[in-house]
Amino acid sequence: MIKIAVTGACGKMGGLIIENVLRSKDMKLVSAIDINNIGRDIGEVMKIAKLNVAVDDANNIDAALDRTRPDVLIDFTIANAAARNVIVCANKKIKLVVGTTGFTPQQRSIMDEAIRMNRIAAVISPNFSIGVNVFWGLLSEAAAQLGDYDIEIIEAHHNQKKDAPSGTAMKAAQIISKTLGGKDLIYGRHGLSQRQKEIGIHAVRGGDIVGDHTVLFAGDGERIEIKHQAHSRQAFANGAVRAAQWVYTASSGIYEMKDVLGLK
Ligand SMILES: NC(=O)c1ccc[n+]([C@@H]2O[C@H](COP(=O)([O-])OP(=O)(O)OC[C@H]3O[C@@H](n4cnc5c(N)ncnc54)[C@H](O)[C@@H]3O)[C@@H](O)[C@H]2O)c1
């Protein structure tokens with residue numbers, strides 16, 4: 001039985017992940033950690049059956065992890081919190097699945113160092129859906145053929161999303177830029193802003209949009225759009241739980257979802 005802890009347990013993703021863990025035959029929820037609903041039963045917070053797992057205070061995460069001793073911690077919180085949670089887990093040799101987005105390069109390098117120094121295994125991905133991981137591969141192929149086309153990335157998310165542009169859009173930009181040997185990135189345009197050979201990135205926020213990403217390759221007389229639309233957060237939750245099962249037996253290292261899926 002893989003013992004699972006979830007940070008951000010009371011959030012939109014945390015709740016779905018817990019439901020998936022409960023459905024899984026080889027996993028057991030041992031710890032639910034958040035800054036809200038401290039002491040309440042997580043099943044009651046989620047409005048399902050009582051689970052006899054009280055929400056632990058994220059400010060005392062050390063004590064919660066020492067008491068419950070999870071094999072894998074799944075983090076869907078916010079960047080500042082996740083960066084700290086990763087360091088705490090790495091020091092305790094707890095394996096990690098990190099879905100939180102919006103890390104600064106500095107936060108990311110501190111996290112990576114803690115994971116490497118402690119020789120644990122971690123899967124870190126701004127998007128755990130199978131479709132988006134295939135989409136990223138398609139972008140690399142398209143960019144290799146269409147490098148001289150104008151490239152724009154347009155993403156849309158719900159009005160509660162805190163970071164912009166999305167981690168998925170940023171990863172798309174990095175993949176295309178790497179394929180093309182380095183490109184400047186421009187975030188939106190305003191005023192006099194004649195297009196150069198940059199990649200333009202545009203973030204739309206509204207309503208309950210789960211997550212849309214379109215990459216436009218526009219040339220003379222034609223354009224190609226490669227698009228992914230998430231209909232439900234379940235696509236991310238399924239992937240995160242699959243990543244937790246995979247990382248449980250993985251040797252030390254920092255992995256992406258494409259490693260879990262066996263994609264190139
Ligand atoms: N990688 C993916 O596939 C994927 C998919 C969806 C969302 N996300 C990312 O996951 C993160 C969470 O998204 P969400 O929609 O569930 O957000 P949310 O706001 O619904 O949930 C975040 C939860 O984290 C809790 N939290 C805040 N600080 C904490 C701390 N220090 N310790 C523990 N818990 C803390 C909040 O109280 C809240 O319950 C965001 O960064 C989002 O961009 C990633």
# chains A, B, ... in the order shown; residues from 1 in each chain; ligands from 1
>>> residues_near_ligand(ligand="ligand 1", cutoff="6 Å", atoms="only C-alpha atoms and all ligand atoms", output="MDAnalysis selection string")
chainID A and resid 7:14 33:36 58 76:78 81 99:101 125:128 236
>>> write_last_selection(atoms="N, CA and C atoms", output="compact mmCIF listing (two decimals), in the first residue's frame")
# COMPACT_ATOMS: atom_id res chain seq x y z
N THR A 7 -0.77 17.97 0.02
CA THR A 7 -0.76 19.37 0.45
C THR A 7 -1.64 20.16 -0.52
N GLY A 8 -2.41 21.10 0.06
CA GLY A 8 -3.45 21.76 -0.74
C GLY A 8 -4.70 20.89 -0.77
N ALA A 9 -4.86 20.08 0.29
CA ALA A 9 -5.91 19.05 0.34
C ALA A 9 -7.31 19.64 0.18
N CYS A 10 -7.51 20.89 0.62
CA CYS A 10 -8.85 21.48 0.57
C CYS A 10 -9.11 22.25 -0.72
N GLY A 11 -8.15 22.24 -1.63
CA GLY A 11 -8.31 23.00 -2.87
C GLY A 11 -9.02 22.20 -3.95
N LYS A 12 -9.19 22.84 -5.10
CA LYS A 12 -9.92 22.20 -6.21
C LYS A 12 -9.19 20.92 -6.65
N MET A 13 -7.88 20.99 -6.86
CA MET A 13 -7.13 19.82 -7.29
C MET A 13 -6.94 18.82 -6.15
N GLY A 14 -6.64 19.34 -4.96
CA GLY A 14 -6.41 18.46 -3.80
C GLY A 14 -7.59 17.53 -3.57
N ILE A 33 -3.10 18.05 4.20
CA ILE A 33 -2.46 19.24 4.80
C ILE A 33 -2.94 20.47 4.06
N ASP A 34 -3.30 21.51 4.82
CA ASP A 34 -3.75 22.76 4.20
C ASP A 34 -3.59 23.88 5.23
N ILE A 35 -3.91 25.11 4.80
CA ILE A 35 -3.92 26.22 5.76
C ILE A 35 -5.35 26.52 6.20
N ASN A 36 -6.32 25.87 5.57
CA ASN A 36 -7.73 26.04 5.93
C ASN A 36 -8.29 24.74 6.51
N ALA A 58 -0.62 23.32 7.69
CA ALA A 58 0.58 23.40 6.85
C ALA A 58 1.74 24.08 7.58
N PHE A 76 -0.39 20.34 -4.64
CA PHE A 76 -1.07 21.29 -5.53
C PHE A 76 -1.48 22.47 -4.65
N THR A 77 -0.55 23.43 -4.46
CA THR A 77 -0.82 24.57 -3.56
C THR A 77 -0.57 25.87 -4.32
N ILE A 78 0.35 26.68 -3.83
CA ILE A 78 0.84 27.85 -4.57
C ILE A 78 2.36 27.81 -4.49
N ALA A 81 4.43 28.13 -1.17
CA ALA A 81 4.19 27.02 -0.26
C ALA A 81 4.83 25.75 -0.80
N GLY A 99 2.48 19.45 -8.70
CA GLY A 99 1.69 19.99 -9.81
C GLY A 99 1.56 21.50 -9.74
N THR A 100 1.98 22.08 -8.63
CA THR A 100 1.88 23.54 -8.46
C THR A 100 2.65 24.25 -9.57
N THR A 101 2.14 25.40 -9.99
CA THR A 101 2.78 26.16 -11.07
C THR A 101 3.19 27.55 -10.55
N SER A 125 5.55 18.62 -12.83
CA SER A 125 5.01 18.97 -14.15
C SER A 125 3.95 20.05 -14.01
N PRO A 126 4.00 21.07 -14.87
CA PRO A 126 2.93 22.07 -14.84
C PRO A 126 1.62 21.55 -15.42
N ASN A 127 1.65 20.32 -15.98
CA ASN A 127 0.40 19.75 -16.48
C ASN A 127 0.52 18.23 -16.49
N PHE A 128 -0.40 17.57 -15.77
CA PHE A 128 -0.35 16.12 -15.63
C PHE A 128 -1.28 15.40 -16.60
N PHE A 236 -6.15 16.10 -15.00
CA PHE A 236 -4.92 16.39 -14.24
C PHE A 236 -4.80 15.45 -13.03
>>> select_by_dssp(residues="stretch 47-150 of chain A", states="strand (DSSP E or B)", output="ChimeraX atom specification")
/A:54-57,72-75,95-98,121-124,150
>>> atom_distance(atom1="atom CA of A:Met1", atom2="atom CA of A:Val132")
29.2 Å
>>> closest_residue(among="A:Val97, A:Leu29, A:Ala237, A:Ile176", to="A:Ala142", atoms="only C-alpha atoms")
A:Ile176
>>> residues_around(residues="A:Arg84", least_positions_apart="4", cutoff="12 Å", atoms="only C-alpha atoms", output="PyMOL selection string")
chain A and resi 7+58-62+75+77-80+88-91+98+100+103+107-108+110-112+114-115
>>> write_last_selection(atoms="N, CA and C atoms", output="PDB file, in the first residue's frame")
ATOM      1  N   THR A   7      -0.766  17.968   0.021  1.00  0.00           N
ATOM      2  CA  THR A   7      -0.765  19.366   0.454  1.00  0.00           C
ATOM      3  C   THR A   7      -1.640  20.162  -0.524  1.00  0.00           C
ATOM      4  N   ALA A  58      -0.620  23.318   7.688  1.00  0.00           N
ATOM      5  CA  ALA A  58       0.582  23.401   6.849  1.00  0.00           C
ATOM      6  C   ALA A  58       1.735  24.081   7.580  1.00  0.00           C
ATOM      7  N   ASN A  59       1.415  24.910   8.576  1.00  0.00           N
ATOM      8  CA  ASN A  59       2.485  25.576   9.329  1.00  0.00           C
ATOM      9  C   ASN A  59       3.243  24.592  10.224  1.00  0.00           C
ATOM     10  N   ASN A  60       2.634  23.412  10.464  1.00  0.00           N
ATOM     11  CA  ASN A  60       3.311  22.358  11.243  1.00  0.00           C
ATOM     12  C   ASN A  60       3.519  21.121  10.376  1.00  0.00           C
ATOM     13  N   ILE A  61       3.893  21.330   9.140  1.00  0.00           N
ATOM     14  CA  ILE A  61       3.982  20.192   8.202  1.00  0.00           C
ATOM     15  C   ILE A  61       5.009  19.164   8.666  1.00  0.00           C
ATOM     16  N   ASP A  62       6.090  19.625   9.291  1.00  0.00           N
ATOM     17  CA  ASP A  62       7.118  18.699   9.798  1.00  0.00           C
ATOM     18  C   ASP A  62       6.508  17.648  10.714  1.00  0.00           C
ATOM     19  N   ASP A  75       1.654  17.612  -4.140  1.00  0.00           N
ATOM     20  CA  ASP A  75       1.480  19.039  -3.808  1.00  0.00           C
ATOM     21  C   ASP A  75       0.791  19.793  -4.945  1.00  0.00           C
ATOM     22  N   THR A  77      -0.552  23.434  -4.456  1.00  0.00           N
ATOM     23  CA  THR A  77      -0.823  24.567  -3.559  1.00  0.00           C
ATOM     24  C   THR A  77      -0.570  25.871  -4.318  1.00  0.00           C
ATOM     25  N   ILE A  78       0.350  26.676  -3.831  1.00  0.00           N
ATOM     26  CA  ILE A  78       0.838  27.847  -4.568  1.00  0.00           C
ATOM     27  C   ILE A  78       2.362  27.812  -4.489  1.00  0.00           C
ATOM     28  N   ALA A  79       3.014  28.555  -5.390  1.00  0.00           N
ATOM     29  CA  ALA A  79       4.459  28.381  -5.571  1.00  0.00           C
ATOM     30  C   ALA A  79       5.255  28.535  -4.272  1.00  0.00           C
ATOM     31  N   ASN A  80       4.994  29.590  -3.497  1.00  0.00           N
ATOM     32  CA  ASN A  80       5.774  29.812  -2.266  1.00  0.00           C
ATOM     33  C   ASN A  80       5.670  28.628  -1.326  1.00  0.00           C
ATOM     34  N   VAL A  88      11.098  20.403   2.694  1.00  0.00           N
ATOM     35  CA  VAL A  88      10.784  19.612   3.901  1.00  0.00           C
ATOM     36  C   VAL A  88      10.735  18.128   3.535  1.00  0.00           C
ATOM     37  N   CYS A  89      10.037  17.789   2.455  1.00  0.00           N
ATOM     38  CA  CYS A  89       9.902  16.374   2.055  1.00  0.00           C
ATOM     39  C   CYS A  89      11.242  15.791   1.647  1.00  0.00           C
ATOM     40  N   ALA A  90      12.016  16.550   0.883  1.00  0.00           N
ATOM     41  CA  ALA A  90      13.309  16.032   0.420  1.00  0.00           C
ATOM     42  C   ALA A  90      14.176  15.689   1.630  1.00  0.00           C
ATOM     43  N   ASN A  91      14.196  16.554   2.632  1.00  0.00           N
ATOM     44  CA  ASN A  91      15.001  16.295   3.835  1.00  0.00           C
ATOM     45  C   ASN A  91      14.527  15.054   4.575  1.00  0.00           C
ATOM     46  N   VAL A  98       4.722  17.034  -7.837  1.00  0.00           N
ATOM     47  CA  VAL A  98       4.455  18.471  -7.684  1.00  0.00           C
ATOM     48  C   VAL A  98       3.723  18.984  -8.917  1.00  0.00           C
ATOM     49  N   THR A 100       1.984  22.081  -8.630  1.00  0.00           N
ATOM     50  CA  THR A 100       1.881  23.536  -8.461  1.00  0.00           C
ATOM     51  C   THR A 100       2.650  24.252  -9.566  1.00  0.00           C
ATOM     52  N   PHE A 103       6.428  28.829 -10.347  1.00  0.00           N
ATOM     53  CA  PHE A 103       7.710  28.964  -9.642  1.00  0.00           C
ATOM     54  C   PHE A 103       8.601  29.981 -10.342  1.00  0.00           C
ATOM     55  N   GLN A 107      13.248  29.739  -7.228  1.00  0.00           N
ATOM     56  CA  GLN A 107      12.543  28.724  -6.430  1.00  0.00           C
ATOM     57  C   GLN A 107      12.789  27.346  -7.014  1.00  0.00           C
ATOM     58  N   ARG A 108      12.704  27.265  -8.323  1.00  0.00           N
ATOM     59  CA  ARG A 108      12.850  25.968  -8.983  1.00  0.00           C
ATOM     60  C   ARG A 108      14.255  25.400  -8.756  1.00  0.00           C
ATOM     61  N   ILE A 110      16.285  25.991  -6.211  1.00  0.00           N
ATOM     62  CA  ILE A 110      16.421  25.556  -4.802  1.00  0.00           C
ATOM     63  C   ILE A 110      15.725  24.202  -4.593  1.00  0.00           C
ATOM     64  N   MET A 111      14.532  24.064  -5.193  1.00  0.00           N
ATOM     65  CA  MET A 111      13.798  22.790  -5.081  1.00  0.00           C
ATOM     66  C   MET A 111      14.613  21.652  -5.696  1.00  0.00           C
ATOM     67  N   ASP A 112      15.127  21.896  -6.906  1.00  0.00           N
ATOM     68  CA  ASP A 112      15.878  20.851  -7.614  1.00  0.00           C
ATOM     69  C   ASP A 112      17.105  20.425  -6.809  1.00  0.00           C
ATOM     70  N   ALA A 114      17.511  20.563  -3.537  1.00  0.00           N
ATOM     71  CA  ALA A 114      17.106  19.773  -2.358  1.00  0.00           C
ATOM     72  C   ALA A 114      16.786  18.337  -2.765  1.00  0.00           C
ATOM     73  N   ILE A 115      16.136  18.180  -3.907  1.00  0.00           N
ATOM     74  CA  ILE A 115      15.772  16.834  -4.383  1.00  0.00           C
ATOM     75  C   ILE A 115      17.033  16.042  -4.721  1.00  0.00           C
TER      76      ILE A 115
END
>>> decode(residues="stretch 14-41 of chain A", atoms="N, CA and C atoms", output="compact mmCIF listing (two decimals), in the first residue's frame")
# COMPACT_ATOMS: atom_id res chain seq x y z
N GLY A 14 -6.64 19.34 -4.96
CA GLY A 14 -6.41 18.46 -3.80
C GLY A 14 -7.59 17.53 -3.57
N GLY A 15 -8.80 18.07 -3.61
CA GLY A 15 -10.00 17.27 -3.37
C GLY A 15 -10.15 16.16 -4.41
N LEU A 16 -9.93 16.49 -5.66
CA LEU A 16 -10.07 15.49 -6.73
C LEU A 16 -9.01 14.40 -6.59
N ILE A 17 -7.80 14.82 -6.22
CA ILE A 17 -6.72 13.84 -6.06
C ILE A 17 -7.06 12.88 -4.92
N ILE A 18 -7.58 13.43 -3.83
CA ILE A 18 -7.96 12.56 -2.70
C ILE A 18 -9.03 11.56 -3.15
N GLU A 19 -10.01 12.01 -3.91
CA GLU A 19 -11.05 11.08 -4.41
C GLU A 19 -10.41 9.96 -5.22
N ASN A 20 -9.43 10.30 -6.07
CA ASN A 20 -8.77 9.28 -6.88
C ASN A 20 -7.95 8.32 -6.03
N VAL A 21 -7.29 8.87 -5.00
CA VAL A 21 -6.50 8.01 -4.09
C VAL A 21 -7.44 7.03 -3.39
N LEU A 22 -8.60 7.52 -2.96
CA LEU A 22 -9.55 6.64 -2.25
C LEU A 22 -10.05 5.51 -3.15
N ARG A 23 -10.17 5.80 -4.45
CA ARG A 23 -10.64 4.78 -5.40
C ARG A 23 -9.55 3.75 -5.74
N SER A 24 -8.29 4.13 -5.50
CA SER A 24 -7.18 3.27 -5.93
C SER A 24 -6.95 2.14 -4.92
N LYS A 25 -6.73 0.93 -5.43
CA LYS A 25 -6.59 -0.24 -4.54
C LYS A 25 -5.22 -0.29 -3.86
N ASP A 26 -4.22 0.39 -4.48
CA ASP A 26 -2.86 0.27 -3.93
C ASP A 26 -2.41 1.54 -3.19
N MET A 27 -3.35 2.45 -2.88
CA MET A 27 -2.97 3.69 -2.21
C MET A 27 -3.84 3.94 -0.99
N LYS A 28 -3.23 4.63 -0.01
CA LYS A 28 -3.98 4.96 1.20
C LYS A 28 -3.68 6.41 1.55
N LEU A 29 -4.71 7.19 1.81
CA LEU A 29 -4.50 8.59 2.23
C LEU A 29 -4.13 8.60 3.70
N VAL A 30 -2.92 9.08 4.02
CA VAL A 30 -2.52 9.12 5.43
C VAL A 30 -2.49 10.54 5.97
N SER A 31 -2.41 11.54 5.07
CA SER A 31 -2.27 12.91 5.57
C SER A 31 -2.86 13.91 4.58
N ALA A 32 -3.67 14.83 5.10
CA ALA A 32 -4.25 15.91 4.30
C ALA A 32 -3.82 17.21 4.95
N ILE A 33 -3.10 18.05 4.20
CA ILE A 33 -2.46 19.24 4.80
C ILE A 33 -2.94 20.47 4.06
N ASP A 34 -3.30 21.51 4.82
CA ASP A 34 -3.75 22.76 4.20
C ASP A 34 -3.59 23.88 5.23
N ILE A 35 -3.91 25.11 4.80
CA ILE A 35 -3.92 26.22 5.76
C ILE A 35 -5.35 26.52 6.20
N ASN A 36 -6.32 25.87 5.57
CA ASN A 36 -7.73 26.04 5.93
C ASN A 36 -8.29 24.74 6.51
N ASN A 37 -9.38 24.87 7.26
CA ASN A 37 -10.11 23.71 7.81
C ASN A 37 -9.27 22.83 8.72
N ILE A 38 -8.31 23.44 9.43
CA ILE A 38 -7.41 22.67 10.31
C ILE A 38 -8.25 21.90 11.35
N GLY A 39 -7.95 20.61 11.50
CA GLY A 39 -8.61 19.79 12.52
C GLY A 39 -9.90 19.15 12.03
N ARG A 40 -10.47 19.63 10.93
CA ARG A 40 -11.72 19.02 10.44
C ARG A 40 -11.40 17.75 9.65
N ASP A 41 -12.34 16.81 9.65
CA ASP A 41 -12.15 15.59 8.86
C ASP A 41 -12.18 15.96 7.37
